[in-house]
Every structure is written in structure tokens, then in C-alpha cells.
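To keep things clear, I will list the structure first and then write my remarks on it.
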Amino acid sequence: VSQSRYGAYLFNGGYTPYLEEQRRWLEKLYHDAGDAATEEYDAIPKAENKNSIFKASQFIRIPKSEIPTSWDVLGRFWDFAATDEDTSYYTSGLLLGIKNKKKYILDWKYCRKNAGDSEDFYLKITREDGKGVISAFEEEPGSSSIKYTAHLKRQLPGFVVKGLKPEGSKVTRALPCSRAAKDGEYYIVDCEWTDTFLKTIQRYEGQKEPLVTDLVDSLSGAHNTFTRKINYLLQS
């Protein structure tokens, strides 16, 4: 909102609107202007395809100053990939904080690298997050995945590291998060990757597409894991 004409008018005048006021203005903006709002007002991008499972406008943007200082749950969920071709999928890790049932998207890291470099990327980000952040990821069926989870745990002594087997299709796993966003439960910090996140998430219709699928898998994984499986994650 701060980048829109309305936001510029308010902020240049020395007035900072409340979040709910910003949200009401955005809703009215898109009601009146439709998809033209994106180009005319430079506001949050509107999904052109009505089949999109996520809508960018459903994620409430907040400045870093409004991020809670303590959490009920804080974790990063990863979706791994292991090739670096131009058409390959991405390794994607999304940091989610939960406070009083509100969900805050705090950080999103992604890369397109080979298996060894992707692992180094994961270890680097996890260590930067610190031991207070749960690290969880999708664990594919089979003994090799179980062994790889054990390998990662050995690299991260003292961290909470969990591999979780996926349940249901990718679309099925995305729906609880989509409903929560529609109900106004999702907040996203306004920073350098936010616009890319919103433009990417609203393209998802259930298709397989590099970065789009990877982001949705890490977001839905974070939602389902940190809202429903926290007791399992904290077991030793």
C-alpha cells in the first residue's frame, strides 16, 4: 500500500493508516477498478485467473515494526529440489511465525542448485535462523529419504529437525492455508521479496510449475505442520 498513489498521499502527508484501514481501501479499490487497479494504482497485484487457489490481496502486508516479538510457534518449512537446470524446480524455505492463531510470513528463501549446493544452502539458512526455529521438510517415502533426514540432523546438533511424509495431493495440502488466508489470518512482512511472493503465489491453480509449486509446497507445508503437528515436532 505504501507504494500506491493512496499510500504516497498518506505517507507524504505524515499520516500512517491503520492496517484495517489499508485493507478496506484495497478492497474498495479492487471493487471499483477491478484488475486495472494493478497498473493504475501500483497496488497489490490482482490475480487475473479466477482459478487461482491463492489471492495476493488476502495476505495482509505489514511493516517490520509490527511483527510480534514472541511466538507461539516459529518454524521454517522446506521443499527440496536437487538440480540446477533452467527448467528445474527450486529449493524453497518459508519462515512462519504463529501468534494467537494469526500467521506471519516472515521470510522466504529459495535457490535453484544441484544437490550438494542445495544442502549447503539449507544448512546455512537453518544455522542463521538459530536453534529456536523449528526446521521441517517434506520427506518422500523410502529408506533413502529417512537416511537423508538422519544425515541432516547430524549436521545440526541441538536443532529441532523433522522430516514429514506428505499427506494427500499438493492441492489438498494447499487448501487449509488458502482458507486461512481468505479468512484474514495471514500477514506478510513488507520487504524486498514480498512482491515476488505475491505474484508467484497467485499463479497457482494446481499445476506443476517451477517456483510456483515450490512456494506453495513450502507455504502449505508450513501451515499444516506448524498449526497441526507441533506436539510431534517437539518430541525428542
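Numbering starts fresh at 1 for the residues of each chain in the C-alpha cells, the chains themselves are lettered A, B, ... in the order given, and ligands are numbered from 1 as they appear.
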
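Residues in contact with Phe80 of chain A at up to 8 Å, not including ones fewer than 2 positions away on its chain and judged by only C-alpha atoms, are Trp78, Ala82, Tyr90, Thr91, Ser92, Ser118, Phe137 and Glu138 of chain A.
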
Using only C-alpha atoms, which residues sit within 12 Å of Cys111 of chain A once same-chain residues fewer than 4 positions away are excluded, as a VMD selection string?
chain A and resid 78 to 86 88 to 93 115 117 to 122 125 210 to 211 214 to 215

List the spatial neighbours of segment 184-191 of chain A as an MDAnalysis selection string - criterion: any atom at most 8 Å away, only C-alpha atoms, same-chain residues fewer than 4 positions off excluded.
chainID A and resid 58:64 67 101:107 180

Calculated over only C-alpha atoms, which of the candidates A:Leu123, A:Ala222, A:Leu152, A:Val212 has the smallest distance to Leu74 of chain A?
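Among the listed residues, the smallest separation from Leu74 of chain A belongs to A:Ala222.
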
When you count only C-alpha atoms, which of these residues is closest to Tyr110 of chain A: A:Ser218, A:Gln207, A:Ser145, A:Ser52?
A:Ser218

Lys170 of chain A environment, 10 Å, only C-alpha atoms, sequence neighbours closer than 5 positions dropped, as an MDAnalysis selection string
chainID A and resid 175 206:208 213 216:217 220:221

Next, write the just-selected residues to a file, as an mmCIF file, in the first residue's frame, keeping all heavy atoms as the atom set.
data_model
loop_
_atom_site.group_PDB
_atom_site.id
_atom_site.type_symbol
_atom_site.label_atom_id
_atom_site.label_comp_id
_atom_site.auth_asym_id
_atom_site.auth_seq_id
_atom_site.Cartn_x
_atom_site.Cartn_y
_atom_site.Cartn_z
ATOM 1 N N LEU A 175 -5.179 -26.376 0.449
ATOM 2 C CA LEU A 175 -6.498 -25.797 0.741
ATOM 3 C C LEU A 175 -6.644 -25.236 2.154
ATOM 4 O O LEU A 175 -7.234 -24.159 2.325
ATOM 5 C CB LEU A 175 -7.588 -26.831 0.456
ATOM 6 C CG LEU A 175 -7.785 -27.168 -1.031
ATOM 7 C CD1 LEU A 175 -8.858 -28.228 -1.197
ATOM 8 C CD2 LEU A 175 -8.138 -25.915 -1.830
ATOM 9 N N GLY A 206 -2.943 -25.402 -9.160
ATOM 10 C CA GLY A 206 -2.797 -26.839 -9.006
ATOM 11 C C GLY A 206 -1.818 -27.438 -9.986
ATOM 12 O O GLY A 206 -1.551 -28.643 -9.960
ATOM 13 N N GLN A 207 -1.251 -26.609 -10.862
ATOM 14 C CA GLN A 207 -0.320 -27.087 -11.885
ATOM 15 C C GLN A 207 1.077 -27.281 -11.298
ATOM 16 O O GLN A 207 1.398 -26.783 -10.227
ATOM 17 C CB GLN A 207 -0.259 -26.082 -13.044
ATOM 18 C CG GLN A 207 0.639 -24.857 -12.798
ATOM 19 C CD GLN A 207 -0.013 -23.766 -11.995
ATOM 20 O OE1 GLN A 207 -0.966 -23.981 -11.262
ATOM 21 N NE2 GLN A 207 0.524 -22.554 -12.120
ATOM 22 N N LYS A 208 1.901 -28.008 -12.042
ATOM 23 C CA LYS A 208 3.310 -28.138 -11.695
ATOM 24 C C LYS A 208 4.082 -27.087 -12.477
ATOM 25 O O LYS A 208 4.100 -27.107 -13.704
ATOM 26 C CB LYS A 208 3.819 -29.541 -12.016
ATOM 27 C CG LYS A 208 3.215 -30.636 -11.150
ATOM 28 C CD LYS A 208 3.811 -31.991 -11.471
ATOM 29 C CE LYS A 208 3.242 -33.076 -10.564
ATOM 30 N NZ LYS A 208 3.824 -34.417 -10.869
ATOM 31 N N THR A 213 5.033 -23.968 -7.760
ATOM 32 C CA THR A 213 4.763 -25.181 -6.984
ATOM 33 C C THR A 213 5.643 -25.239 -5.743
ATOM 34 O O THR A 213 5.189 -25.637 -4.662
ATOM 35 C CB THR A 213 4.998 -26.427 -7.844
ATOM 36 O OG1 THR A 213 4.227 -26.325 -9.039
ATOM 37 C CG2 THR A 213 4.592 -27.694 -7.103
ATOM 38 N N VAL A 216 4.298 -22.835 -3.053
ATOM 39 C CA VAL A 216 3.060 -23.345 -2.473
ATOM 40 C C VAL A 216 3.336 -24.540 -1.561
ATOM 41 O O VAL A 216 2.757 -24.653 -0.476
ATOM 42 C CB VAL A 216 2.052 -23.719 -3.584
ATOM 43 C CG1 VAL A 216 0.850 -24.454 -2.995
ATOM 44 C CG2 VAL A 216 1.595 -22.473 -4.323
ATOM 45 N N ASP A 217 4.235 -25.422 -1.981
ATOM 46 C CA ASP A 217 4.567 -26.585 -1.147
ATOM 47 C C ASP A 217 5.186 -26.162 0.179
ATOM 48 O O ASP A 217 4.875 -26.734 1.231
ATOM 49 C CB ASP A 217 5.524 -27.513 -1.893
ATOM 50 C CG ASP A 217 4.824 -28.349 -2.950
ATOM 51 O OD1 ASP A 217 3.580 -28.333 -2.984
ATOM 52 O OD2 ASP A 217 5.521 -29.012 -3.742
ATOM 53 N N SER A 220 2.208 -24.291 2.221
ATOM 54 C CA SER A 220 1.199 -25.222 2.739
ATOM 55 C C SER A 220 1.827 -26.181 3.744
ATOM 56 O O SER A 220 1.202 -26.549 4.743
ATOM 57 C CB SER A 220 0.540 -25.998 1.595
ATOM 58 O OG SER A 220 1.483 -26.773 0.884
ATOM 59 N N GLY A 221 3.087 -26.565 3.504
ATOM 60 C CA GLY A 221 3.783 -27.410 4.465
ATOM 61 C C GLY A 221 3.953 -26.721 5.801
ATOM 62 O O GLY A 221 3.747 -27.318 6.865
#

Near Glu167 of chain A, within 10 Å and counting only C-alpha atoms, which residues show up once chain neighbours fewer than 4 positions away are dropped, as a ChimeraX atom specification?
/A:138,172-173,224

The distance between atom CA of Arg76 of chain A and atom CA of Val161 of chain A is 10.1 Å

Determine which residues of segment 92-231 of chain A receive a DSSP assignment of helix (DSSP H, G or I), computed from the backbone, and state them as number ranges by chain.
A: 115-129, 143-155, 170-182, 194-201, 212-228, 230-231

Which residue, A:Thr149, A:Thr126, A:Asn114, A:Thr227, has the smallest gap to Leu164 of chain A when you use only C-alpha atoms?
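Going through A:Thr149, A:Thr126, A:Asn114, A:Thr227 one by one, the smallest distance to Leu164 of chain A is for A:Thr149.
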
Between atom CA of Ser70 of chain A and atom CA of Thr196 of chain A, what is the distance in Å, rounded to a tenth?
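Computing the Euclidean distance for atom CA of Ser70 of chain A and atom CA of Thr196 of chain A yields 26.7 Å.
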